[in-house]
$ cat structure15.cif   # mmCIF, all heavy atoms
data_run
loop_
_atom_site.label_atom_id
_atom_site.label_comp_id
_atom_site.auth_asym_id
_atom_site.auth_seq_id
_atom_site.Cartn_x
_atom_site.Cartn_y
_atom_site.Cartn_z
N MET Q 1 -27.87 4.07 12.32
CA MET Q 1 -27.88 2.99 11.36
C MET Q 1 -26.92 3.28 10.21
O MET Q 1 -26.21 2.39 9.75
CB MET Q 1 -29.29 2.77 10.83
CG MET Q 1 -29.36 1.64 9.86
SD MET Q 1 -31.05 1.18 9.58
CE MET Q 1 -30.88 0.28 8.09
N VAL Q 2 -26.91 4.52 9.75
CA VAL Q 2 -26.00 4.89 8.66
C VAL Q 2 -24.55 4.76 9.11
O VAL Q 2 -23.70 4.27 8.37
CB VAL Q 2 -26.31 6.31 8.15
CG1 VAL Q 2 -25.28 6.77 7.15
CG2 VAL Q 2 -27.69 6.36 7.55
N ASN Q 3 -24.25 5.18 10.34
CA ASN Q 3 -22.88 5.07 10.84
C ASN Q 3 -22.43 3.62 10.92
O ASN Q 3 -21.29 3.30 10.61
CB ASN Q 3 -22.75 5.73 12.20
CG ASN Q 3 -22.59 7.23 12.08
OD1 ASN Q 3 -22.10 7.72 11.06
ND2 ASN Q 3 -23.00 7.95 13.10
N ALA Q 4 -23.33 2.73 11.33
CA ALA Q 4 -22.99 1.31 11.41
C ALA Q 4 -22.70 0.76 10.01
O ALA Q 4 -21.76 -0.01 9.82
CB ALA Q 4 -24.12 0.54 12.06
N MET Q 5 -23.48 1.16 9.02
CA MET Q 5 -23.26 0.71 7.65
C MET Q 5 -21.94 1.24 7.11
O MET Q 5 -21.19 0.52 6.45
CB MET Q 5 -24.42 1.13 6.75
CG MET Q 5 -25.71 0.39 7.04
SD MET Q 5 -27.11 0.99 6.12
CE MET Q 5 -26.58 0.83 4.44
N LEU Q 6 -21.63 2.50 7.38
CA LEU Q 6 -20.38 3.09 6.92
C LEU Q 6 -19.18 2.41 7.58
O LEU Q 6 -18.17 2.15 6.93
CB LEU Q 6 -20.35 4.59 7.19
CG LEU Q 6 -21.18 5.45 6.25
CD1 LEU Q 6 -21.20 6.88 6.74
CD2 LEU Q 6 -20.66 5.37 4.84
N ASP Q 7 -19.30 2.12 8.88
CA ASP Q 7 -18.21 1.42 9.56
C ASP Q 7 -17.98 0.05 8.94
O ASP Q 7 -16.84 -0.38 8.77
CB ASP Q 7 -18.53 1.26 11.05
CG ASP Q 7 -18.36 2.57 11.80
OD1 ASP Q 7 -17.61 3.43 11.31
OD2 ASP Q 7 -18.98 2.70 12.88
N PHE Q 8 -19.04 -0.64 8.59
CA PHE Q 8 -18.91 -1.96 8.00
C PHE Q 8 -18.32 -1.89 6.59
O PHE Q 8 -17.43 -2.65 6.24
CB PHE Q 8 -20.27 -2.66 7.94
CG PHE Q 8 -20.24 -3.98 7.26
CD1 PHE Q 8 -19.64 -5.08 7.86
CD2 PHE Q 8 -20.77 -4.14 5.99
CE1 PHE Q 8 -19.59 -6.31 7.23
CE2 PHE Q 8 -20.72 -5.36 5.34
CZ PHE Q 8 -20.12 -6.45 5.96
N MET Q 9 -18.77 -0.93 5.78
CA MET Q 9 -18.34 -0.84 4.39
C MET Q 9 -16.92 -0.28 4.26
O MET Q 9 -16.14 -0.73 3.44
CB MET Q 9 -19.31 0.00 3.58
CG MET Q 9 -20.65 -0.66 3.37
SD MET Q 9 -21.74 0.26 2.30
CE MET Q 9 -22.31 1.54 3.39
N LEU Q 10 -16.59 0.73 5.06
CA LEU Q 10 -15.29 1.39 4.93
C LEU Q 10 -14.22 0.77 5.81
O LEU Q 10 -13.03 0.84 5.47
CB LEU Q 10 -15.43 2.88 5.26
CG LEU Q 10 -16.29 3.68 4.29
CD1 LEU Q 10 -16.41 5.10 4.79
CD2 LEU Q 10 -15.73 3.65 2.90
N GLY Q 11 -14.60 0.20 6.92
CA GLY Q 11 -13.64 -0.43 7.82
C GLY Q 11 -12.58 0.54 8.28
O GLY Q 11 -12.89 1.61 8.79
N PRO Q 12 -11.29 0.21 8.09
CA PRO Q 12 -10.21 1.08 8.56
C PRO Q 12 -10.12 2.40 7.79
O PRO Q 12 -9.46 3.33 8.24
CB PRO Q 12 -8.95 0.25 8.37
CG PRO Q 12 -9.31 -0.78 7.37
CD PRO Q 12 -10.78 -1.03 7.52
N LEU Q 13 -10.75 2.48 6.64
CA LEU Q 13 -10.71 3.73 5.87
C LEU Q 13 -11.62 4.80 6.46
O LEU Q 13 -11.61 5.93 5.99
CB LEU Q 13 -11.09 3.46 4.42
CG LEU Q 13 -10.15 2.56 3.64
CD1 LEU Q 13 -10.68 2.32 2.24
CD2 LEU Q 13 -8.77 3.15 3.57
N ARG Q 14 -12.39 4.45 7.45
CA ARG Q 14 -13.30 5.41 8.08
C ARG Q 14 -12.52 6.59 8.66
O ARG Q 14 -12.93 7.73 8.56
CB ARG Q 14 -14.12 4.69 9.15
CG ARG Q 14 -15.12 5.53 9.87
CD ARG Q 14 -16.24 5.96 8.97
NE ARG Q 14 -17.11 6.84 9.72
CZ ARG Q 14 -18.40 6.87 9.61
NH1 ARG Q 14 -18.99 6.09 8.76
NH2 ARG Q 14 -19.10 7.69 10.32
N GLY Q 15 -11.38 6.34 9.27
CA GLY Q 15 -10.55 7.41 9.83
C GLY Q 15 -10.03 8.34 8.75
O GLY Q 15 -9.96 9.55 8.93
N ILE Q 16 -9.68 7.77 7.62
CA ILE Q 16 -9.20 8.59 6.50
C ILE Q 16 -10.33 9.46 5.97
O ILE Q 16 -10.13 10.63 5.66
CB ILE Q 16 -8.62 7.68 5.39
CG1 ILE Q 16 -7.38 6.96 5.90
CG2 ILE Q 16 -8.29 8.50 4.14
CD1 ILE Q 16 -6.85 5.90 4.97
N SER Q 17 -11.52 8.91 5.89
CA SER Q 17 -12.65 9.70 5.38
C SER Q 17 -13.01 10.82 6.35
O SER Q 17 -13.37 11.92 5.93
CB SER Q 17 -13.87 8.81 5.10
OG SER Q 17 -14.38 8.27 6.29
N ASP Q 18 -12.88 10.58 7.65
CA ASP Q 18 -13.12 11.65 8.63
C ASP Q 18 -12.10 12.76 8.47
O ASP Q 18 -12.46 13.94 8.51
CB ASP Q 18 -13.07 11.10 10.05
CG ASP Q 18 -14.27 10.25 10.41
OD1 ASP Q 18 -15.32 10.40 9.73
OD2 ASP Q 18 -14.16 9.44 11.35
N PHE Q 19 -10.85 12.40 8.26
CA PHE Q 19 -9.80 13.40 8.05
C PHE Q 19 -10.08 14.20 6.78
O PHE Q 19 -9.95 15.42 6.76
CB PHE Q 19 -8.44 12.70 7.94
CG PHE Q 19 -7.30 13.64 7.67
CD1 PHE Q 19 -6.79 14.43 8.67
CD2 PHE Q 19 -6.74 13.73 6.39
CE1 PHE Q 19 -5.74 15.30 8.43
CE2 PHE Q 19 -5.69 14.59 6.14
CZ PHE Q 19 -5.18 15.38 7.17
N TYR Q 20 -10.49 13.51 5.70
CA TYR Q 20 -10.79 14.20 4.45
C TYR Q 20 -11.96 15.16 4.62
O TYR Q 20 -11.92 16.30 4.14
CB TYR Q 20 -11.12 13.18 3.35
CG TYR Q 20 -11.63 13.83 2.09
CD1 TYR Q 20 -10.77 14.50 1.24
CD2 TYR Q 20 -12.99 13.82 1.77
CE1 TYR Q 20 -11.23 15.13 0.10
CE2 TYR Q 20 -13.45 14.44 0.63
CZ TYR Q 20 -12.58 15.09 -0.20
OH TYR Q 20 -13.05 15.71 -1.32
N LEU Q 21 -13.01 14.73 5.31
CA LEU Q 21 -14.17 15.59 5.49
C LEU Q 21 -13.83 16.81 6.35
O LEU Q 21 -14.41 17.88 6.14
CB LEU Q 21 -15.33 14.81 6.11
CG LEU Q 21 -15.96 13.78 5.18
CD1 LEU Q 21 -17.01 12.97 5.92
CD2 LEU Q 21 -16.56 14.43 3.96
N ASP Q 22 -12.90 16.66 7.29
CA ASP Q 22 -12.50 17.81 8.11
C ASP Q 22 -11.77 18.86 7.29
O ASP Q 22 -11.91 20.06 7.52
CB ASP Q 22 -11.61 17.36 9.26
CG ASP Q 22 -12.38 16.61 10.34
OD1 ASP Q 22 -13.61 16.72 10.36
OD2 ASP Q 22 -11.71 15.91 11.14
N TYR Q 23 -10.98 18.43 6.32
CA TYR Q 23 -10.16 19.34 5.52
C TYR Q 23 -10.56 19.32 4.04
O TYR Q 23 -9.74 19.52 3.16
CB TYR Q 23 -8.68 18.98 5.67
CG TYR Q 23 -8.21 19.11 7.09
CD1 TYR Q 23 -8.04 17.98 7.89
CD2 TYR Q 23 -7.96 20.35 7.65
CE1 TYR Q 23 -7.62 18.08 9.20
CE2 TYR Q 23 -7.55 20.47 8.96
CZ TYR Q 23 -7.37 19.34 9.73
OH TYR Q 23 -6.97 19.45 11.02
N GLN Q 24 -11.83 19.10 3.79
CA GLN Q 24 -12.33 18.93 2.42
C GLN Q 24 -12.09 20.15 1.55
O GLN Q 24 -11.72 20.03 0.39
CB GLN Q 24 -13.82 18.61 2.47
CG GLN Q 24 -14.41 18.26 1.14
CD GLN Q 24 -15.87 17.83 1.27
OE1 GLN Q 24 -16.46 17.95 2.33
NE2 GLN Q 24 -16.42 17.33 0.21
N ILE Q 25 -12.25 21.35 2.08
CA ILE Q 25 -12.09 22.57 1.28
C ILE Q 25 -10.65 22.69 0.78
O ILE Q 25 -10.42 23.09 -0.37
CB ILE Q 25 -12.51 23.82 2.09
CG1 ILE Q 25 -12.52 25.06 1.20
CG2 ILE Q 25 -11.64 24.05 3.28
CD1 ILE Q 25 -13.65 25.10 0.23
N TYR Q 26 -9.67 22.29 1.59
CA TYR Q 26 -8.27 22.39 1.17
C TYR Q 26 -7.94 21.36 0.09
O TYR Q 26 -7.28 21.67 -0.89
CB TYR Q 26 -7.34 22.23 2.37
CG TYR Q 26 -7.64 23.23 3.47
CD1 TYR Q 26 -8.11 22.81 4.70
CD2 TYR Q 26 -7.44 24.59 3.26
CE1 TYR Q 26 -8.38 23.72 5.71
CE2 TYR Q 26 -7.72 25.52 4.25
CZ TYR Q 26 -8.19 25.07 5.48
OH TYR Q 26 -8.46 25.98 6.45
N PHE Q 27 -8.40 20.12 0.31
CA PHE Q 27 -8.13 19.08 -0.67
C PHE Q 27 -8.79 19.40 -2.01
O PHE Q 27 -8.18 19.24 -3.06
CB PHE Q 27 -8.62 17.71 -0.17
CG PHE Q 27 -7.77 17.13 0.90
CD1 PHE Q 27 -8.27 16.91 2.16
CD2 PHE Q 27 -6.44 16.81 0.64
CE1 PHE Q 27 -7.48 16.37 3.15
CE2 PHE Q 27 -5.65 16.27 1.63
CZ PHE Q 27 -6.16 16.05 2.89
N ASN Q 28 -10.03 19.86 -1.99
CA ASN Q 28 -10.73 20.17 -3.23
C ASN Q 28 -10.07 21.34 -3.95
O ASN Q 28 -9.99 21.34 -5.19
CB ASN Q 28 -12.20 20.46 -2.96
CG ASN Q 28 -12.96 19.21 -2.60
OD1 ASN Q 28 -12.48 18.11 -2.76
ND2 ASN Q 28 -14.15 19.38 -2.09
N THR Q 29 -9.61 22.33 -3.22
CA THR Q 29 -8.92 23.47 -3.84
C THR Q 29 -7.64 23.01 -4.54
O THR Q 29 -7.36 23.44 -5.66
CB THR Q 29 -8.59 24.52 -2.77
OG1 THR Q 29 -9.80 24.92 -2.12
CG2 THR Q 29 -7.92 25.73 -3.38
N ILE Q 30 -6.89 22.14 -3.90
CA ILE Q 30 -5.66 21.63 -4.49
C ILE Q 30 -5.96 20.83 -5.75
O ILE Q 30 -5.30 20.99 -6.79
CB ILE Q 30 -4.88 20.78 -3.47
CG1 ILE Q 30 -4.34 21.68 -2.37
CG2 ILE Q 30 -3.75 20.01 -4.13
CD1 ILE Q 30 -3.81 20.94 -1.17
N ILE Q 31 -6.97 19.98 -5.70
CA ILE Q 31 -7.31 19.13 -6.84
C ILE Q 31 -7.81 19.96 -8.02
O ILE Q 31 -7.38 19.77 -9.16
CB ILE Q 31 -8.36 18.07 -6.43
CG1 ILE Q 31 -7.73 17.08 -5.47
CG2 ILE Q 31 -8.94 17.37 -7.64
CD1 ILE Q 31 -8.72 16.18 -4.77
N VAL Q 32 -8.68 20.92 -7.76
CA VAL Q 32 -9.20 21.77 -8.83
C VAL Q 32 -8.08 22.65 -9.40
O VAL Q 32 -7.98 22.82 -10.62
CB VAL Q 32 -10.37 22.64 -8.33
CG1 VAL Q 32 -10.75 23.71 -9.32
CG2 VAL Q 32 -11.57 21.75 -8.03
N GLY Q 33 -7.21 23.17 -8.54
CA GLY Q 33 -6.09 23.98 -9.02
C GLY Q 33 -5.15 23.18 -9.90
O GLY Q 33 -4.70 23.66 -10.94
N PHE Q 34 -4.87 21.94 -9.51
CA PHE Q 34 -4.00 21.08 -10.31
C PHE Q 34 -4.65 20.77 -11.66
O PHE Q 34 -3.98 20.79 -12.70
CB PHE Q 34 -3.70 19.78 -9.55
CG PHE Q 34 -2.78 18.87 -10.28
CD1 PHE Q 34 -1.44 19.18 -10.40
CD2 PHE Q 34 -3.24 17.70 -10.86
CE1 PHE Q 34 -0.57 18.34 -11.08
CE2 PHE Q 34 -2.40 16.86 -11.54
CZ PHE Q 34 -1.06 17.17 -11.65
N ALA Q 35 -5.95 20.51 -11.67
CA ALA Q 35 -6.66 20.21 -12.92
C ALA Q 35 -6.63 21.42 -13.85
O ALA Q 35 -6.39 21.28 -15.05
CB ALA Q 35 -8.09 19.77 -12.63
N LEU Q 36 -6.87 22.61 -13.31
CA LEU Q 36 -6.84 23.82 -14.14
C LEU Q 36 -5.43 24.07 -14.68
O LEU Q 36 -5.27 24.47 -15.84
CB LEU Q 36 -7.31 25.02 -13.33
CG LEU Q 36 -8.80 25.05 -13.02
CD1 LEU Q 36 -9.12 26.22 -12.09
CD2 LEU Q 36 -9.62 25.14 -14.29
N TYR Q 37 -4.43 23.82 -13.85
CA TYR Q 37 -3.04 23.97 -14.31
C TYR Q 37 -2.75 23.03 -15.47
O TYR Q 37 -2.15 23.43 -16.47
CB TYR Q 37 -2.10 23.72 -13.13
CG TYR Q 37 -0.65 23.69 -13.53
CD1 TYR Q 37 0.05 24.88 -13.76
CD2 TYR Q 37 0.04 22.49 -13.66
CE1 TYR Q 37 1.38 24.86 -14.12
CE2 TYR Q 37 1.37 22.47 -14.03
CZ TYR Q 37 2.03 23.65 -14.26
OH TYR Q 37 3.36 23.64 -14.63
N LYS Q 38 -3.17 21.77 -15.33
CA LYS Q 38 -2.93 20.80 -16.39
C LYS Q 38 -3.67 21.18 -17.68
O LYS Q 38 -3.14 21.04 -18.77
CB LYS Q 38 -3.36 19.40 -15.95
CG LYS Q 38 -2.49 18.81 -14.87
CD LYS Q 38 -1.09 18.55 -15.35
CE LYS Q 38 -1.03 17.24 -16.07
NZ LYS Q 38 0.32 16.86 -16.48
N ILE Q 39 -4.88 21.68 -17.56
CA ILE Q 39 -5.66 22.08 -18.74
C ILE Q 39 -4.98 23.25 -19.44
O ILE Q 39 -4.80 23.24 -20.65
CB ILE Q 39 -7.10 22.43 -18.34
CG1 ILE Q 39 -7.85 21.16 -17.96
CG2 ILE Q 39 -7.81 23.16 -19.47
CD1 ILE Q 39 -9.21 21.42 -17.34
N MET Q 40 -4.58 24.26 -18.68
CA MET Q 40 -3.96 25.44 -19.27
C MET Q 40 -2.60 25.09 -19.87
O MET Q 40 -2.24 25.58 -20.92
CB MET Q 40 -3.81 26.55 -18.22
CG MET Q 40 -5.14 27.07 -17.71
SD MET Q 40 -6.20 27.69 -19.01
CE MET Q 40 -5.39 29.21 -19.36
N PHE Q 41 -1.83 24.25 -19.19
CA PHE Q 41 -0.50 23.91 -19.66
C PHE Q 41 -0.57 23.04 -20.91
O PHE Q 41 0.22 23.20 -21.82
CB PHE Q 41 0.27 23.20 -18.54
CG PHE Q 41 1.75 23.19 -18.74
CD1 PHE Q 41 2.45 24.37 -18.94
CD2 PHE Q 41 2.44 22.00 -18.73
CE1 PHE Q 41 3.82 24.36 -19.11
CE2 PHE Q 41 3.82 21.97 -18.91
CZ PHE Q 41 4.50 23.15 -19.11
N SER Q 42 -1.54 22.15 -20.98
CA SER Q 42 -1.65 21.28 -22.16
C SER Q 42 -2.17 22.06 -23.37
O SER Q 42 -1.78 21.79 -24.49
CB SER Q 42 -2.56 20.08 -21.87
OG SER Q 42 -3.88 20.50 -21.66
N LYS Q 43 -3.03 23.04 -23.16
CA LYS Q 43 -3.51 23.87 -24.27
C LYS Q 43 -2.36 24.68 -24.85
O LYS Q 43 -2.26 24.85 -26.05
CB LYS Q 43 -4.62 24.82 -23.81
CG LYS Q 43 -5.97 24.17 -23.75
CD LYS Q 43 -7.03 25.21 -23.48
CE LYS Q 43 -8.40 24.58 -23.48
NZ LYS Q 43 -9.45 25.57 -23.25
N LYS Q 44 -1.48 25.19 -24.00
CA LYS Q 44 -0.35 25.98 -24.47
C LYS Q 44 0.58 25.12 -25.31
O LYS Q 44 1.07 25.56 -26.34
CB LYS Q 44 0.40 26.55 -23.26
CG LYS Q 44 1.45 27.56 -23.61
CD LYS Q 44 2.06 28.14 -22.35
CE LYS Q 44 3.12 29.16 -22.69
NZ LYS Q 44 3.75 29.73 -21.51
N LYS Q 45 0.79 23.89 -24.91
CA LYS Q 45 1.65 22.98 -25.68
C LYS Q 45 1.05 22.66 -27.04
O LYS Q 45 1.75 22.66 -28.04
CB LYS Q 45 1.83 21.68 -24.92
CG LYS Q 45 3.10 21.54 -24.20
CD LYS Q 45 3.24 20.14 -23.65
CE LYS Q 45 4.46 20.03 -22.79
NZ LYS Q 45 4.58 18.73 -22.18
N THR Q 46 -0.26 22.43 -27.09
CA THR Q 46 -0.88 22.08 -28.38
C THR Q 46 -0.88 23.26 -29.32
O THR Q 46 -0.74 23.10 -30.52
CB THR Q 46 -2.30 21.54 -28.18
OG1 THR Q 46 -3.07 22.50 -27.47
CG2 THR Q 46 -2.29 20.23 -27.42
N GLN Q 47 -1.03 24.47 -28.80
CA GLN Q 47 -1.01 25.65 -29.65
C GLN Q 47 0.39 25.88 -30.22
O GLN Q 47 0.55 26.28 -31.36
CB GLN Q 47 -1.46 26.87 -28.87
CG GLN Q 47 -2.96 26.86 -28.57
CD GLN Q 47 -3.37 28.02 -27.67
OE1 GLN Q 47 -2.53 28.78 -27.20
NE2 GLN Q 47 -4.65 28.13 -27.43
N GLU Q 48 1.41 25.63 -29.43
CA GLU Q 48 2.78 25.81 -29.89
C GLU Q 48 3.14 24.79 -30.96
O GLU Q 48 3.79 25.11 -31.95
CB GLU Q 48 3.75 25.70 -28.73
CG GLU Q 48 3.74 26.89 -27.79
CD GLU Q 48 4.64 26.68 -26.60
OE1 GLU Q 48 5.31 25.63 -26.53
OE2 GLU Q 48 4.65 27.56 -25.72
N SER Q 49 2.70 23.55 -30.80
CA SER Q 49 3.04 22.52 -31.77
C SER Q 49 2.23 22.67 -33.06
O SER Q 49 2.66 22.22 -34.12
CB SER Q 49 2.83 21.12 -31.17
OG SER Q 49 1.47 20.96 -30.85
N ALA Q 50 1.06 23.31 -33.01
CA ALA Q 50 0.23 23.50 -34.20
C ALA Q 50 0.80 24.61 -35.08
O ALA Q 50 0.58 24.63 -36.29
CB ALA Q 50 -1.20 23.82 -33.79
N SER Q 51 1.54 25.53 -34.48
CA SER Q 51 2.06 26.68 -35.26
C SER Q 51 3.19 26.28 -36.17
O SER Q 51 3.97 25.46 -35.97
CB SER Q 51 2.58 27.76 -34.32
OG SER Q 51 1.64 28.12 -33.38
#

$ encode --input "structure15.cif" --output "structure tokens"
Amino acid sequence: MVNAMLDFMLGPLRGISDFYLDYQIYFNTIIVGFALYKIMFSKKKTQESAS
């Protein structure tokens, strides 16, 4: 029943979600790494401009 509901709600995006779930650890690592990079890089800029 859940699969039928997901097929109806997601439609053609169902294949994309299956691909994401298969490689979820890699995608999440990239996203978290990018967020940490942005946080660290923006803090360095604000400290330099405050001096």

$ atom_distance --input "structure15.cif" --atom1 "CD1 of Phe27 (chain Q)" --atom2 "CD of Pro12 (chain Q)"
18.9 Å

$ atom_distance --input "structure15.cif" --atom1 "atom N of Met9 (chain Q)" --atom2 "CG2 of Ile25 (chain Q)"
26.1 Å

$ atom_distance --input "structure15.cif" --atom1 "CE1 of Tyr20 (chain Q)" --atom2 "CB of Met1 (chain Q)"
24.4 Å
